[in-house]
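Engineer: Okay, here's the structure, questions in a sec.
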Amino acid sequence: MPPHVSIVTDSTAYLSPQALTRHAISLVPLTVVIDDEAFEEGTDISAPAVARALQRRRPVTTSRPSPAEFTAAYEAAAASGAQAIVSLHLSADFSGTYDAATVAAKEAPVPVRVVDTGMVAMALGFTVLAAAEAAEAGGSPDDVVAAAERRAAATSAFFYVDTLDYLRRGGRIGAAQALFGSALAVKPLLRLADGRIELLEKVRTASKAVTRLEEIVVERAAAGAGTGGEGGGRVDLAVHHLAAGERAAALAERLRSRVPGLGELVVSEVGAVIGAHAGPGLLGVVVAPR
C-alpha cells in the first residue's frame, strides 16, 4: 500500500484557509520587511499594508523562511502520521525558499521530496491542489510529484503592472527589460515562463493592456480546454490584483462569460510578498487546465 503522503507549501501559493484545512496542507510563511520590521506573510501583514508602504516609498523587502521553519513543518507532518512528504514551492528564481526546504529535507524524520514548481501565486496554488488530490487518492510520492508537475506544465500566468520599477528594484526583472517596458510610457504585459518573469507585449494604455490581457487569457484557456486530459477539458482560473479590486472583479465577470468549460474561478488580492515586488495596480490571471 502506498505511504501516506503529506503536502507542504509556502505562503505564496495564496490558497484559502478553507482549502488548506480541507486538504490538510501545511504552510510555511515567507517574511516581508518594511523599514526594519519583519512580518510573516498571511498572519502579521496584509497586502494593502504593503501597497501603502510602497506608495509612501518606504523600503520593502522579502525573505525566505529559514530551514528551521521547514524542519518544524516536516516534523509536525511526521508526528501526524505522514510516511512521506512532498514539499512544493515557488520558483527558485524568485526566492531561496526551495533551497531552505532542501536543506531541511536532509534532516527530516521521513522522506521529503522538494519540488521547484517554477510557479507562484495560484499558479503554485493549483499545482499544490493537484498534488493534494493525488495524495488523497492514495498516490505514492512519485505519483504526487508527477501530478504536480503535470499541472504546473499546463499552467500559464499572465499579468499587467502599472510600472516595472518594483520588479526591477527587487531584482525580479532585468534593468534592460525594465527600460524597454518603460519606454514611451507603454504599459507592460508579462508572463511567467520557465520560472522567470518575461515581458510579453507592450501596450499604449492601461485600458488597452487589460483588454489585451483578457484576450490572451481567453485564447490560452481555449487552447488548454482543447487538450482534454483527466479534467475533461475544464480550466481553472485565478484573477489576482493588488489595490485594484474593482478592475479585477470586472475582469473576472467578463472571463466567466467568455471561457467555456470554466471550472473554479478564484478572485483574490495577492499576498504581501508578491505585492512587494509587483506594486499597486497589479492585475494577473492564472490559467490552469485540469
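In the C-alpha cells, the first chain shown is A, the next is B, and so on; residue numbers restart at 1 for each chain, and ligands run from 1 in the order shown.
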Give one line per residue of segment 50-161 of chain A that approaches segment 270-286 of chain A to at most 10 Å, naming the two atoms of the closest pair and their distance in Å to one decimal, counting only C-alpha atoms; sort by chain then ascending residue number and deliver it as CSV.
Structural biologist:
```
residue,atom,partner,partner_atom,distance
A:Val50,CA,A:Ala272,CA,6.0
A:Ala51,CA,A:Pro280,CA,5.6
A:Arg52,CA,A:Pro280,CA,8.4
A:Ala53,CA,A:Ala276,CA,9.0
A:Leu54,CA,A:Gly279,CA,7.0
A:Gln55,CA,A:Pro280,CA,7.7
A:Pro59,CA,A:Ala276,CA,9.7
A:Val60,CA,A:Ala276,CA,6.4
A:Thr61,CA,A:Ala276,CA,6.9
A:Thr62,CA,A:Val273,CA,6.3
A:Ser63,CA,A:Val273,CA,8.7
A:Arg64,CA,A:Val273,CA,9.9
A:Phe94,CA,A:Ile274,CA,9.9
A:Val120,CA,A:Ile274,CA,8.5
A:Ala121,CA,A:Val270,CA,7.2
A:Met122,CA,A:Val286,CA,6.6
A:Ala123,CA,A:Val286,CA,5.8
A:Leu124,CA,A:Val286,CA,9.5
A:Gly125,CA,A:Val286,CA,10.0
A:Phe126,CA,A:Val286,CA,9.1
A:Thr155,CA,A:Val286,CA,7.2
A:Ser156,CA,A:Val286,CA,5.8
A:Ala157,CA,A:Val286,CA,4.4
A:Phe158,CA,A:Val285,CA,5.4
A:Phe159,CA,A:Gly284,CA,3.8
A:Tyr160,CA,A:Leu283,CA,5.2
A:Val161,CA,A:Leu282,CA,4.6
```
Engineer: Do a neighbour search on Leu200 of chain A at 9 Å with only C-alpha atoms, toss out local chain neighbours closer than 2 positions, and write the hits as a list in words.
Structural biologist: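 Using only C-alpha atoms, the neighbours found are Phe158, Pro188, Leu189, Leu190, Arg191, Glu198 and Lys202 of chain A.
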Engineer: What does the file look like for those residues with all heavy atoms, as a short mmCIF file (atom, residue, chain, number, x, y, z; two decimals), in the first residue's frame?
Structural biologist:
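Result written to selection-v8.cif:
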```
data_model
loop_
_atom_site.label_atom_id
_atom_site.label_comp_id
_atom_site.auth_asym_id
_atom_site.auth_seq_id
_atom_site.Cartn_x
_atom_site.Cartn_y
_atom_site.Cartn_z
N PHE A 158 -0.30 35.24 -16.63
CA PHE A 158 -0.09 36.48 -17.37
C PHE A 158 -0.48 37.64 -16.46
O PHE A 158 -1.45 37.54 -15.70
CB PHE A 158 -0.96 36.51 -18.63
CG PHE A 158 -0.79 35.32 -19.52
CD1 PHE A 158 -1.66 34.25 -19.43
CD2 PHE A 158 0.26 35.24 -20.43
CE1 PHE A 158 -1.51 33.13 -20.23
CE2 PHE A 158 0.42 34.13 -21.24
CZ PHE A 158 -0.46 33.07 -21.14
N PRO A 188 3.26 47.52 -19.65
CA PRO A 188 3.79 46.18 -19.92
C PRO A 188 2.82 45.05 -19.56
O PRO A 188 2.18 45.06 -18.52
CB PRO A 188 5.03 46.12 -19.04
CG PRO A 188 4.71 47.02 -17.89
CD PRO A 188 3.81 48.10 -18.41
N LEU A 189 2.75 44.07 -20.45
CA LEU A 189 2.14 42.79 -20.15
C LEU A 189 3.26 41.78 -19.99
O LEU A 189 4.20 41.75 -20.80
CB LEU A 189 1.19 42.34 -21.27
CG LEU A 189 -0.12 43.11 -21.39
CD1 LEU A 189 -0.90 42.62 -22.61
CD2 LEU A 189 -0.96 42.94 -20.14
N LEU A 190 3.17 40.95 -18.96
CA LEU A 190 4.22 40.00 -18.66
C LEU A 190 3.65 38.60 -18.56
O LEU A 190 2.44 38.41 -18.47
CB LEU A 190 4.92 40.39 -17.35
CG LEU A 190 5.51 41.80 -17.32
CD1 LEU A 190 4.60 42.69 -16.47
CD2 LEU A 190 6.91 41.82 -16.76
N ARG A 191 4.55 37.63 -18.54
CA ARG A 191 4.14 36.24 -18.33
C ARG A 191 5.18 35.54 -17.49
O ARG A 191 6.34 35.99 -17.39
CB ARG A 191 3.97 35.51 -19.66
CG ARG A 191 5.27 35.30 -20.42
CD ARG A 191 5.04 34.45 -21.65
NE ARG A 191 6.28 34.31 -22.42
CZ ARG A 191 6.38 33.60 -23.53
NH1 ARG A 191 5.32 32.95 -24.00
NH2 ARG A 191 7.53 33.52 -24.17
N GLU A 198 8.89 37.34 -17.78
CA GLU A 198 9.31 37.83 -19.09
C GLU A 198 8.32 38.87 -19.60
O GLU A 198 7.12 38.74 -19.39
CB GLU A 198 9.38 36.69 -20.12
CG GLU A 198 10.45 35.66 -19.84
CD GLU A 198 10.50 34.61 -20.93
OE1 GLU A 198 9.60 34.61 -21.80
OE2 GLU A 198 11.44 33.79 -20.92
N LYS A 202 3.96 45.07 -25.23
CA LYS A 202 3.83 46.43 -24.72
C LYS A 202 2.59 47.06 -25.34
O LYS A 202 2.32 46.92 -26.53
CB LYS A 202 5.08 47.26 -25.04
CG LYS A 202 5.52 47.22 -26.50
CD LYS A 202 6.80 48.01 -26.69
CE LYS A 202 7.23 47.97 -28.17
NZ LYS A 202 8.44 48.77 -28.41
#
```
Engineer: In Å, rounded to a single decimal, give me how far atom CA of Pro29 of chain A is from atom CA of Val5 of chain A.
Structural biologist: 20.7 Å
Engineer: Check the smallest atom-to-atom distance from each of A:Gly195, A:Pro65, A:Gly245, A:Pro17 to Ser91 of chain A using only C-alpha atoms, then report the winner.
Structural biologist: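 Closest residue, counting only C-alpha atoms: A:Gly195.
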Engineer: Excluding same-chain residues fewer than 3 positions from Arg234 of chain A, what lies within 7 Å of it counting only C-alpha atoms, as number ranges by chain?
Structural biologist: A: 225, 231, 261-263, 289-290
